[in-house]
Amino acid sequence: MDYLPHIISSLTDPMNLLLLCLGVLIGIIVGALPGLTATMALALLLPFTFTMHPETSLITMGGLYVGGIYGGCISAILINTPGTPSAIATTFDGYPLAQKGKASHALIMAALSSGIGGVIGGFALLFLTPVLAKWALSFGPSEYFWVAVLGLTMIATLSSGTLLKGLIGGCMGLLLGTIGISPVGGESRFTLGFSSLQSGLDMVVILIAFFCIPEVISMVKNEVKSQQFIKKEKNLMMKVFFYLIKKPIFILRSSIIGIIVGIIPGAGGNVAALLSYDAAVRFSKDKQSFGKGNIDGVMAAETSNNAEVGGSLVPLLSLGIPGSPPAAIILGALMMQGIMPGPNLMKEQTGLVYTFLIGFIVANILMLIFALIGSKYVGKILAVPNYILAPSIVFMTIIGTYSIRNSLLDIAMLIGFGILAFFLKNFGFHPAPIVLGFILGPIAERGFAQSLLLGKASGSIYSLFLSRPLSVVLIILCMISIISPLLTSMAKKEGTKTSSEAYPKKKASGERW
């Protein structure tokens with residue numbers, strides 16, 4: 001522990017603390033703005049880190065990363081627009097809570113669960129890096145395929161209407177995901193002659209189009225004024241806190257899902273949040289309340305996507321393999337400083353690594369403090385009149401969309417898909433299955449195609465797809481995920497028959513979130 005005094009002196013240095021606080025605050029602001037992601041913020045910060053001390057640059061980027069991932073939930077809750085892709089699942093129950101006048105409930109829960117999930121992810125990063133990194137190496141193309149299939153089984157959970165409409169929406173998303181260059185053959189598909197579509201549709205454009213634009217149109221068309229019914233409650237923060245600490249298993253499960261998904265390179269916080277949300281629905285006794293304003297949905301999504309941040313840094317520090325796009329930017333910052341992540345990093349730069357790891361945990365604590373303070377004020381955005389709020393949202397989304405690739409075509413896509421999403425929503429097609437198919441489709445296609453090529457080369461496609469231990473575990477999880485909704489539906493039918501023969505039991509009284 002000779003490096004302990006060095007770690008303490010680095011973390012208590014006034015300049016390091018100031019930059020850490022600024023990194024967290026700027027990350028929250030950037031994450032809350034639709035279209036501006038944590039990856040973009042880190043990329044903009046990267047040139048400035050070249051003149052910094054390695055520890056200072058890593059601490060600052062860690063704070064920015066943590067704040068950016070949390071910040072996405074603010075716009076997700078207030079205006080149904082995920083500020084970052086990781087906040088997709090937060091919109092499912094966060095925005096309905098805001099419509100009920102409980103935006104403060106959702107924001108406080110998001111802050112608390114994000115902080116707790118981030119700290120748990122930080123400790124996993126601190127203590128389990130060598131072990132978990134070796135496990136991550138065992139993931140091949142077939143495992144990625146089955147992970148994507150497992151995610152696609154969530155369509156049954158996310159279908160707010162009929163399962164058929166959910167499946168149709170999922171197929172729409174899969175088709176949108178095929179636009180661009182084929183991952184194996186390299187040919188262009190469905191680009192309609194536009195060179196900018198060769199890289200595919202941008203995820204942020206699709207998120208804003210399907211989640212935000214329909215709400216803005218409804219806001220203008222129906223003159224929705226739910227923001228006038230913001231309810232104020234005394235001791236709300238303590239109420240939400242005590243509700244959260246009564247669910248340790250729930251928090252631990254969501255955190256573990258986030259850490260595991262984060263360790264898998266390329267999976268991302270959006271997949272972690274969706275899988276955690278799906279688990280929350282499946283293990284809940286009140287499945288029907290999800291998607292209509294259940295605080296547990298916000299808790300599951302925000303705990304998992306913030307725990308994923310720590311998990312995504314595990315393969316980066318241990319193997320030099322970034323687990324997410326923001327982690328790839330941090331890899332670039334390390335290489336600019338002449339530091340090469342990998343198995344020898346812990347031995348050669350012990351003080352630097354542990355300073356970063358402990359600073360990462362401190363960043364999550366700071367994020368929690370800033371988020372709780374800010375939750376008292378950001379909810380006032382809903383008090384803005386619609387004739388000001390609607391054009392402001394449209395303006396921010398257009399600026400954010402254009403800033404991604406400087407493409408006018410992206411703005412045209414945003415408007416076109418947004419109008420399409422509005423009509424689809426009126427016909428009962430929820431945007432969640434469509435976006436889920438769009439995210440997981442390319443992962444499944446790439447994994448399937450690569451597995452076929454490897455299987456043909458090795459002489460056995462069966463052994464590659466079905467005999468690898470991790471593949472078998474994932475296949476079993478897929479089967480459970482598919483069968484469990486059917487069993488639940490059968491149980492409901494049996495319950496209906498029983499209740500018709502006897503007096504129905506009174507529901508337990510108590511306030512529902």
# chains A, B, ... in the order shown; residues from 1 in each chain; ligands from 1
>>> residues_around(residues="Gly31 (chain A)", least_positions_apart="2", cutoff="12 Å", atoms="only C-alpha atoms", output="ChimeraX atom specification")
/A:23-29,33-42,64-76,81-87,400
>>> closest_atom_pairs(of="region 145-189 of chain A", to="region 477-483 of chain A", cutoff="8 Å", atoms="only C-alpha atoms", output="tab-separated table")
residue	atom	partner	partner_atom	distance
A:Trp146	CA	A:Cys478	CA	7.8
A:Val149	CA	A:Cys478	CA	7.1
A:Leu150	CA	A:Cys478	CA	5.0
A:Thr153	CA	A:Ile482	CA	6.1
A:Met154	CA	A:Ser481	CA	7.5
>>> closest_residue(among="A:Pro391, A:Gly293, A:Gly166, A:Gly122", to="Gly258 (chain A)", atoms="only C-alpha atoms")
A:Gly122
>>> closest_residue(among="A:Ile361, A:Ala32, A:Ile263, A:Ala449", to="Leu317 (chain A)", atoms="only C-alpha atoms")
A:Ile263
>>> select_by_dssp(residues="region 152-229 of chain A", states="helix (DSSP H, G or I)", output="PyMOL selection string")
chain A and resi 152+155-158+163-177+195-199+203-222+226-229
